[in-house]
Amino acid sequence: MSKRLFDLLLAVALIPLMAIPAGLIALLIRVSSHGPALYWSDRVGRCNRIFSMPKFRSMRTNTPAMATHLLADPAAYLTPVGSFLRKTSLDELPQLWSIFKGDMSFVGPRPALFNQDDLIALRTAQGVHELVPGLTGWAQVNGRDELSIAEKVKLDVEYLHRQSFWFDLRILWLTLMKVLRRDGVSH
């Protein structure tokens, strides 16, 4: 089975199952903070093409567009439900839409923010930019927010060379275990 077909079939199966939880999360966000339920983030996709990636909004509307770890006090920008959404990775649910559209895959390197020039340059130099970005990836199951950019790229390169259907299934399983244990989430 091709990777794209697997992504499409799994996304089509999960979207209806996640509709009610997603609706409840959207309602919680709207009643607990000012602004829309979804945040559309400009991200770097395959071949460094910019695309808009949806997430449930976990940060206040006045948060600067930068990686969370670069904010002086990330907790100050969290919405009342933001910490919960991030710790449970429920903020990522809307990315099923990006997978359905083909901008993302279930497994691949996490899409960089449009302004993460250092990460983009390192990935491009190593050929990682040729991969479709993923909801999860080898770097996510090996440290996630705790990794330096160089360490993330090293793991992305390892994924580039090892990618296969079975390796993707292993990463999906490890991701599920990490999410259930809330491992590697800084905020």
# chains A, B, ... in the order shown; residues from 1 in each chain; ligands from 1
>>> residues_around(residues="region 18-26 of chain A", least_positions_apart="4", cutoff="8 Å", atoms="only C-alpha atoms", output="PyMOL selection string")
chain A and resi 14+30+37-38+56+93-94
>>> residues_around(residues="Ser83 (chain A)", least_positions_apart="6", cutoff="12 Å", atoms="only C-alpha atoms", output="list in words")
Ile29, Phe56, Arg57, Ser58, Met59, Arg60, Pro74, Ala75, Ala76, Tyr77, Ser89, Leu90, Asp91, Arg182, Val185, Ser186 and His187 of chain A
>>> residues_around(residues="Thr175 (chain A)", least_positions_apart="2", cutoff="10 Å", atoms="only C-alpha atoms", output="number ranges by chain")
A: 107, 135-138, 140-142, 169-173, 177-183
>>> write_last_selection(atoms="N, CA and C atoms", output="PDB file, in the first residue's frame")
ATOM      1  N   VAL A 107       3.069  10.268   9.235  1.00  0.00           N
ATOM      2  CA  VAL A 107       4.443  10.158   9.727  1.00  0.00           C
ATOM      3  C   VAL A 107       5.394  10.875   8.772  1.00  0.00           C
ATOM      4  N   LEU A 135       2.321  14.414  11.034  1.00  0.00           N
ATOM      5  CA  LEU A 135       1.664  14.667  12.304  1.00  0.00           C
ATOM      6  C   LEU A 135       2.583  14.242  13.441  1.00  0.00           C
ATOM      7  N   THR A 136       3.316  13.177  13.205  1.00  0.00           N
ATOM      8  CA  THR A 136       4.326  12.691  14.137  1.00  0.00           C
ATOM      9  C   THR A 136       5.535  12.245  13.326  1.00  0.00           C
ATOM     10  N   GLY A 137       6.614  11.963  14.019  1.00  0.00           N
ATOM     11  CA  GLY A 137       7.817  11.541  13.313  1.00  0.00           C
ATOM     12  C   GLY A 137       8.809  10.886  14.245  1.00  0.00           C
ATOM     13  N   TRP A 138       9.904  10.463  13.678  1.00  0.00           N
ATOM     14  CA  TRP A 138      10.955   9.794  14.428  1.00  0.00           C
ATOM     15  C   TRP A 138      11.522  10.712  15.506  1.00  0.00           C
ATOM     16  N   GLN A 140       9.847  13.052  17.065  1.00  0.00           N
ATOM     17  CA  GLN A 140       8.838  13.217  18.109  1.00  0.00           C
ATOM     18  C   GLN A 140       8.869  12.063  19.104  1.00  0.00           C
ATOM     19  N   VAL A 141       9.114  10.857  18.631  1.00  0.00           N
ATOM     20  CA  VAL A 141       9.127   9.726  19.560  1.00  0.00           C
ATOM     21  C   VAL A 141      10.484   9.557  20.230  1.00  0.00           C
ATOM     22  N   ASN A 142      11.440  10.398  19.855  1.00  0.00           N
ATOM     23  CA  ASN A 142      12.776  10.339  20.454  1.00  0.00           C
ATOM     24  C   ASN A 142      13.156  11.629  21.178  1.00  0.00           C
ATOM     25  N   LEU A 169       4.430   2.445  10.935  1.00  0.00           N
ATOM     26  CA  LEU A 169       3.536   1.840  11.935  1.00  0.00           C
ATOM     27  C   LEU A 169       4.182   1.832  13.312  1.00  0.00           C
ATOM     28  N   ARG A 170       5.479   1.545  13.361  1.00  0.00           N
ATOM     29  CA  ARG A 170       6.205   1.563  14.645  1.00  0.00           C
ATOM     30  C   ARG A 170       6.172   2.966  15.248  1.00  0.00           C
ATOM     31  N   ILE A 171       6.403   3.985  14.431  1.00  0.00           N
ATOM     32  CA  ILE A 171       6.395   5.371  14.912  1.00  0.00           C
ATOM     33  C   ILE A 171       4.999   5.757  15.389  1.00  0.00           C
ATOM     34  N   LEU A 172       3.961   5.336  14.669  1.00  0.00           N
ATOM     35  CA  LEU A 172       2.591   5.629  15.108  1.00  0.00           C
ATOM     36  C   LEU A 172       2.302   4.977  16.462  1.00  0.00           C
ATOM     37  N   TRP A 173       2.746   3.734  16.643  1.00  0.00           N
ATOM     38  CA  TRP A 173       2.552   3.044  17.921  1.00  0.00           C
ATOM     39  C   TRP A 173       3.309   3.759  19.046  1.00  0.00           C
ATOM     40  N   MET A 177       1.882   5.701  22.510  1.00  0.00           N
ATOM     41  CA  MET A 177       2.385   5.449  23.861  1.00  0.00           C
ATOM     42  C   MET A 177       2.893   6.741  24.510  1.00  0.00           C
ATOM     43  N   LYS A 178       3.612   7.566  23.740  1.00  0.00           N
ATOM     44  CA  LYS A 178       4.140   8.836  24.268  1.00  0.00           C
ATOM     45  C   LYS A 178       3.000   9.778  24.652  1.00  0.00           C
ATOM     46  N   VAL A 179       1.980   9.851  23.795  1.00  0.00           N
ATOM     47  CA  VAL A 179       0.849  10.750  24.061  1.00  0.00           C
ATOM     48  C   VAL A 179       0.107  10.285  25.323  1.00  0.00           C
ATOM     49  N   LEU A 180      -0.114   8.988  25.429  1.00  0.00           N
ATOM     50  CA  LEU A 180      -0.817   8.480  26.614  1.00  0.00           C
ATOM     51  C   LEU A 180      -0.028   8.733  27.893  1.00  0.00           C
ATOM     52  N   ARG A 181       1.304   8.686  27.802  1.00  0.00           N
ATOM     53  CA  ARG A 181       2.158   8.955  28.979  1.00  0.00           C
ATOM     54  C   ARG A 181       2.531  10.433  29.101  1.00  0.00           C
ATOM     55  N   ARG A 182       2.182  11.219  28.084  1.00  0.00           N
ATOM     56  CA  ARG A 182       2.499  12.658  28.022  1.00  0.00           C
ATOM     57  C   ARG A 182       3.987  12.912  28.103  1.00  0.00           C
ATOM     58  N   ASP A 183       4.765  12.067  27.458  1.00  0.00           N
ATOM     59  CA  ASP A 183       6.213  12.196  27.427  1.00  0.00           C
ATOM     60  C   ASP A 183       6.659  13.278  26.454  1.00  0.00           C
TER      61      ASP A 183
END
>>> closest_atom_pairs(of="region 99-175 of chain A", to="region 43-55 of chain A", cutoff="12 Å", atoms="only C-alpha atoms", output="JSON lines")
{"residue": "A:Ile99", "atom": "CA", "partner": "A:Met53", "partner_atom": "CA", "distance": 9.8}
{"residue": "A:Phe100", "atom": "CA", "partner": "A:Met53", "partner_atom": "CA", "distance": 11.8}
{"residue": "A:Lys101", "atom": "CA", "partner": "A:Met53", "partner_atom": "CA", "distance": 10.7}
{"residue": "A:Gly102", "atom": "CA", "partner": "A:Gly45", "partner_atom": "CA", "distance": 10.1}
{"residue": "A:Asp103", "atom": "CA", "partner": "A:Gly45", "partner_atom": "CA", "distance": 6.7}
{"residue": "A:Met104", "atom": "CA", "partner": "A:Gly45", "partner_atom": "CA", "distance": 7.4}
{"residue": "A:Ser105", "atom": "CA", "partner": "A:Gly45", "partner_atom": "CA", "distance": 10.3}
{"residue": "A:Gly108", "atom": "CA", "partner": "A:Arg46", "partner_atom": "CA", "distance": 10.2}
{"residue": "A:Pro109", "atom": "CA", "partner": "A:Gly45", "partner_atom": "CA", "distance": 9.6}
{"residue": "A:Arg110", "atom": "CA", "partner": "A:Gly45", "partner_atom": "CA", "distance": 9.2}
{"residue": "A:Pro111", "atom": "CA", "partner": "A:Val44", "partner_atom": "CA", "distance": 5.5}
{"residue": "A:Ala112", "atom": "CA", "partner": "A:Val44", "partner_atom": "CA", "distance": 5.3}
{"residue": "A:Leu113", "atom": "CA", "partner": "A:Arg43", "partner_atom": "CA", "distance": 4.6}
{"residue": "A:Phe114", "atom": "CA", "partner": "A:Arg43", "partner_atom": "CA", "distance": 5.0}
{"residue": "A:Asn115", "atom": "CA", "partner": "A:Arg43", "partner_atom": "CA", "distance": 8.6}
{"residue": "A:Gln116", "atom": "CA", "partner": "A:Val44", "partner_atom": "CA", "distance": 9.1}
{"residue": "A:Asp117", "atom": "CA", "partner": "A:Val44", "partner_atom": "CA", "distance": 10.2}
{"residue": "A:Leu119", "atom": "CA", "partner": "A:Val44", "partner_atom": "CA", "distance": 10.3}
{"residue": "A:Ile120", "atom": "CA", "partner": "A:Asn48", "partner_atom": "CA", "distance": 7.7}
{"residue": "A:Ala121", "atom": "CA", "partner": "A:Asn48", "partner_atom": "CA", "distance": 9.8}
{"residue": "A:Leu122", "atom": "CA", "partner": "A:Asn48", "partner_atom": "CA", "distance": 11.9}
{"residue": "A:Arg123", "atom": "CA", "partner": "A:Asn48", "partner_atom": "CA", "distance": 9.5}
{"residue": "A:Thr124", "atom": "CA", "partner": "A:Asn48", "partner_atom": "CA", "distance": 8.0}
{"residue": "A:Ala125", "atom": "CA", "partner": "A:Cys47", "partner_atom": "CA", "distance": 11.7}
{"residue": "A:Gly127", "atom": "CA", "partner": "A:Cys47", "partner_atom": "CA", "distance": 9.2}
{"residue": "A:Val128", "atom": "CA", "partner": "A:Arg46", "partner_atom": "CA", "distance": 8.7}
{"residue": "A:His129", "atom": "CA", "partner": "A:Cys47", "partner_atom": "CA", "distance": 5.1}
{"residue": "A:Glu130", "atom": "CA", "partner": "A:Cys47", "partner_atom": "CA", "distance": 5.1}
{"residue": "A:Leu131", "atom": "CA", "partner": "A:Arg46", "partner_atom": "CA", "distance": 5.5}
{"residue": "A:Val132", "atom": "CA", "partner": "A:Arg46", "partner_atom": "CA", "distance": 4.8}
{"residue": "A:Pro133", "atom": "CA", "partner": "A:Gly45", "partner_atom": "CA", "distance": 5.9}
{"residue": "A:Gly134", "atom": "CA", "partner": "A:Gly45", "partner_atom": "CA", "distance": 9.3}
{"residue": "A:Leu135", "atom": "CA", "partner": "A:Met53", "partner_atom": "CA", "distance": 10.5}
>>> atom_distance(atom1="CA of Asp73 (chain A)", atom2="CA of Val153 (chain A)")
25.6 Å
>>> residues_around(residues="Gln126 (chain A)", least_positions_apart="6", cutoff="12 Å", atoms="only C-alpha atoms", output="ChimeraX atom specification")
/A:119-120,150,152-161
>>> select_by_dssp(residues="region 50-183 of chain A", states="strand (DSSP E or B)", output="ChimeraX atom specification")
/A:50-56,59,78,105-107,112-113,134-136
>>> residues_around(residues="Lys3 (chain A)", least_positions_apart="2", cutoff="9 Å", atoms="only C-alpha atoms", output="PyMOL selection string")
chain A and resi 1+5-8+105+164-165
>>> decode(residues="region 80-112 of chain A", atoms="N, CA and C atoms", output="PDB file, in the first residue's frame")
ATOM      1  N   PRO A  80      -6.891  29.178  28.883  1.00  0.00           N
ATOM      2  CA  PRO A  80      -7.255  28.341  30.031  1.00  0.00           C
ATOM      3  C   PRO A  80      -7.232  26.830  29.746  1.00  0.00           C
ATOM      4  N   VAL A  81      -7.524  26.427  28.507  1.00  0.00           N
ATOM      5  CA  VAL A  81      -7.493  24.992  28.172  1.00  0.00           C
ATOM      6  C   VAL A  81      -6.241  24.621  27.368  1.00  0.00           C
ATOM      7  N   GLY A  82      -5.393  25.602  27.099  1.00  0.00           N
ATOM      8  CA  GLY A  82      -4.227  25.389  26.251  1.00  0.00           C
ATOM      9  C   GLY A  82      -3.250  24.356  26.766  1.00  0.00           C
ATOM     10  N   SER A  83      -2.950  24.386  28.048  1.00  0.00           N
ATOM     11  CA  SER A  83      -2.009  23.438  28.632  1.00  0.00           C
ATOM     12  C   SER A  83      -2.527  22.008  28.474  1.00  0.00           C
ATOM     13  N   PHE A  84      -3.804  21.812  28.753  1.00  0.00           N
ATOM     14  CA  PHE A  84      -4.420  20.491  28.601  1.00  0.00           C
ATOM     15  C   PHE A  84      -4.355  20.027  27.145  1.00  0.00           C
ATOM     16  N   LEU A  85      -4.691  20.913  26.220  1.00  0.00           N
ATOM     17  CA  LEU A  85      -4.669  20.546  24.799  1.00  0.00           C
ATOM     18  C   LEU A  85      -3.270  20.128  24.352  1.00  0.00           C
ATOM     19  N   ARG A  86      -2.263  20.851  24.804  1.00  0.00           N
ATOM     20  CA  ARG A  86      -0.892  20.539  24.412  1.00  0.00           C
ATOM     21  C   ARG A  86      -0.396  19.251  25.061  1.00  0.00           C
ATOM     22  N   LYS A  87      -0.672  19.071  26.359  1.00  0.00           N
ATOM     23  CA  LYS A  87      -0.198  17.877  27.061  1.00  0.00           C
ATOM     24  C   LYS A  87      -0.832  16.604  26.509  1.00  0.00           C
ATOM     25  N   THR A  88      -2.061  16.708  26.025  1.00  0.00           N
ATOM     26  CA  THR A  88      -2.756  15.545  25.471  1.00  0.00           C
ATOM     27  C   THR A  88      -2.609  15.461  23.947  1.00  0.00           C
ATOM     28  N   SER A  89      -1.963  16.457  23.349  1.00  0.00           N
ATOM     29  CA  SER A  89      -1.788  16.568  21.891  1.00  0.00           C
ATOM     30  C   SER A  89      -3.116  16.710  21.143  1.00  0.00           C
ATOM     31  N   LEU A  90      -4.179  17.061  21.848  1.00  0.00           N
ATOM     32  CA  LEU A  90      -5.474  17.260  21.196  1.00  0.00           C
ATOM     33  C   LEU A  90      -5.477  18.501  20.305  1.00  0.00           C
ATOM     34  N   ASP A  91      -4.542  19.422  20.538  1.00  0.00           N
ATOM     35  CA  ASP A  91      -4.442  20.601  19.672  1.00  0.00           C
ATOM     36  C   ASP A  91      -4.077  20.220  18.242  1.00  0.00           C
ATOM     37  N   GLU A  92      -3.564  19.005  18.055  1.00  0.00           N
ATOM     38  CA  GLU A  92      -3.123  18.543  16.737  1.00  0.00           C
ATOM     39  C   GLU A  92      -4.252  17.919  15.902  1.00  0.00           C
ATOM     40  N   LEU A  93      -5.410  17.642  16.498  1.00  0.00           N
ATOM     41  CA  LEU A  93      -6.498  16.966  15.785  1.00  0.00           C
ATOM     42  C   LEU A  93      -6.862  17.588  14.430  1.00  0.00           C
ATOM     43  N   PRO A  94      -6.949  18.915  14.309  1.00  0.00           N
ATOM     44  CA  PRO A  94      -7.321  19.493  13.016  1.00  0.00           C
ATOM     45  C   PRO A  94      -6.343  19.179  11.880  1.00  0.00           C
ATOM     46  N   GLN A  95      -5.161  18.700  12.212  1.00  0.00           N
ATOM     47  CA  GLN A  95      -4.197  18.364  11.167  1.00  0.00           C
ATOM     48  C   GLN A  95      -4.631  17.157  10.349  1.00  0.00           C
ATOM     49  N   LEU A  96      -5.672  16.457  10.795  1.00  0.00           N
ATOM     50  CA  LEU A  96      -6.250  15.407   9.956  1.00  0.00           C
ATOM     51  C   LEU A  96      -6.686  16.006   8.614  1.00  0.00           C
ATOM     52  N   TRP A  97      -7.124  17.264   8.635  1.00  0.00           N
ATOM     53  CA  TRP A  97      -7.506  17.957   7.403  1.00  0.00           C
ATOM     54  C   TRP A  97      -6.292  18.109   6.478  1.00  0.00           C
ATOM     55  N   SER A  98      -5.153  18.491   7.038  1.00  0.00           N
ATOM     56  CA  SER A  98      -3.936  18.646   6.238  1.00  0.00           C
ATOM     57  C   SER A  98      -3.474  17.306   5.657  1.00  0.00           C
ATOM     58  N   ILE A  99      -3.683  16.233   6.414  1.00  0.00           N
ATOM     59  CA  ILE A  99      -3.337  14.902   5.919  1.00  0.00           C
ATOM     60  C   ILE A  99      -4.282  14.518   4.787  1.00  0.00           C
ATOM     61  N   PHE A 100      -5.575  14.759   4.985  1.00  0.00           N
ATOM     62  CA  PHE A 100      -6.560  14.468   3.946  1.00  0.00           C
ATOM     63  C   PHE A 100      -6.236  15.224   2.656  1.00  0.00           C
ATOM     64  N   LYS A 101      -5.853  16.492   2.779  1.00  0.00           N
ATOM     65  CA  LYS A 101      -5.518  17.324   1.612  1.00  0.00           C
ATOM     66  C   LYS A 101      -4.215  16.913   0.939  1.00  0.00           C
ATOM     67  N   GLY A 102      -3.330  16.257   1.683  1.00  0.00           N
ATOM     68  CA  GLY A 102      -2.047  15.849   1.118  1.00  0.00           C
ATOM     69  C   GLY A 102      -0.899  16.777   1.476  1.00  0.00           C
ATOM     70  N   ASP A 103      -1.160  17.823   2.270  1.00  0.00           N
ATOM     71  CA  ASP A 103      -0.088  18.712   2.719  1.00  0.00           C
ATOM     72  C   ASP A 103       0.800  18.028   3.754  1.00  0.00           C
ATOM     73  N   MET A 104       0.212  17.046   4.456  1.00  0.00           N
ATOM     74  CA  MET A 104       0.929  16.335   5.507  1.00  0.00           C
ATOM     75  C   MET A 104       0.674  14.840   5.367  1.00  0.00           C
ATOM     76  N   SER A 105       1.454  14.085   6.117  1.00  0.00           N
ATOM     77  CA  SER A 105       1.315  12.638   6.227  1.00  0.00           C
ATOM     78  C   SER A 105       1.126  12.328   7.713  1.00  0.00           C
ATOM     79  N   PHE A 106       0.734  11.112   8.036  1.00  0.00           N
ATOM     80  CA  PHE A 106       0.686  10.761   9.454  1.00  0.00           C
ATOM     81  C   PHE A 106       2.093  10.721  10.036  1.00  0.00           C
ATOM     82  N   VAL A 107       3.069  10.268   9.235  1.00  0.00           N
ATOM     83  CA  VAL A 107       4.443  10.158   9.727  1.00  0.00           C
ATOM     84  C   VAL A 107       5.394  10.875   8.772  1.00  0.00           C
ATOM     85  N   GLY A 108       6.261  11.683   9.348  1.00  0.00           N
ATOM     86  CA  GLY A 108       7.277  12.427   8.606  1.00  0.00           C
ATOM     87  C   GLY A 108       7.871  13.452   9.554  1.00  0.00           C
ATOM     88  N   PRO A 109       8.801  14.253   9.107  1.00  0.00           N
ATOM     89  CA  PRO A 109       9.324  15.292   9.998  1.00  0.00           C
ATOM     90  C   PRO A 109       8.235  16.320  10.296  1.00  0.00           C
ATOM     91  N   ARG A 110       8.166  16.797  11.523  1.00  0.00           N
ATOM     92  CA  ARG A 110       7.165  17.811  11.859  1.00  0.00           C
ATOM     93  C   ARG A 110       7.402  19.051  10.998  1.00  0.00           C
ATOM     94  N   PRO A 111       6.335  19.659  10.478  1.00  0.00           N
ATOM     95  CA  PRO A 111       6.516  20.834   9.617  1.00  0.00           C
ATOM     96  C   PRO A 111       7.061  22.024  10.399  1.00  0.00           C
ATOM     97  N   ALA A 112       8.115  22.598   9.870  1.00  0.00           N
ATOM     98  CA  ALA A 112       8.738  23.768  10.508  1.00  0.00           C
ATOM     99  C   ALA A 112       7.833  24.983  10.358  1.00  0.00           C
TER     100      ALA A 112
END
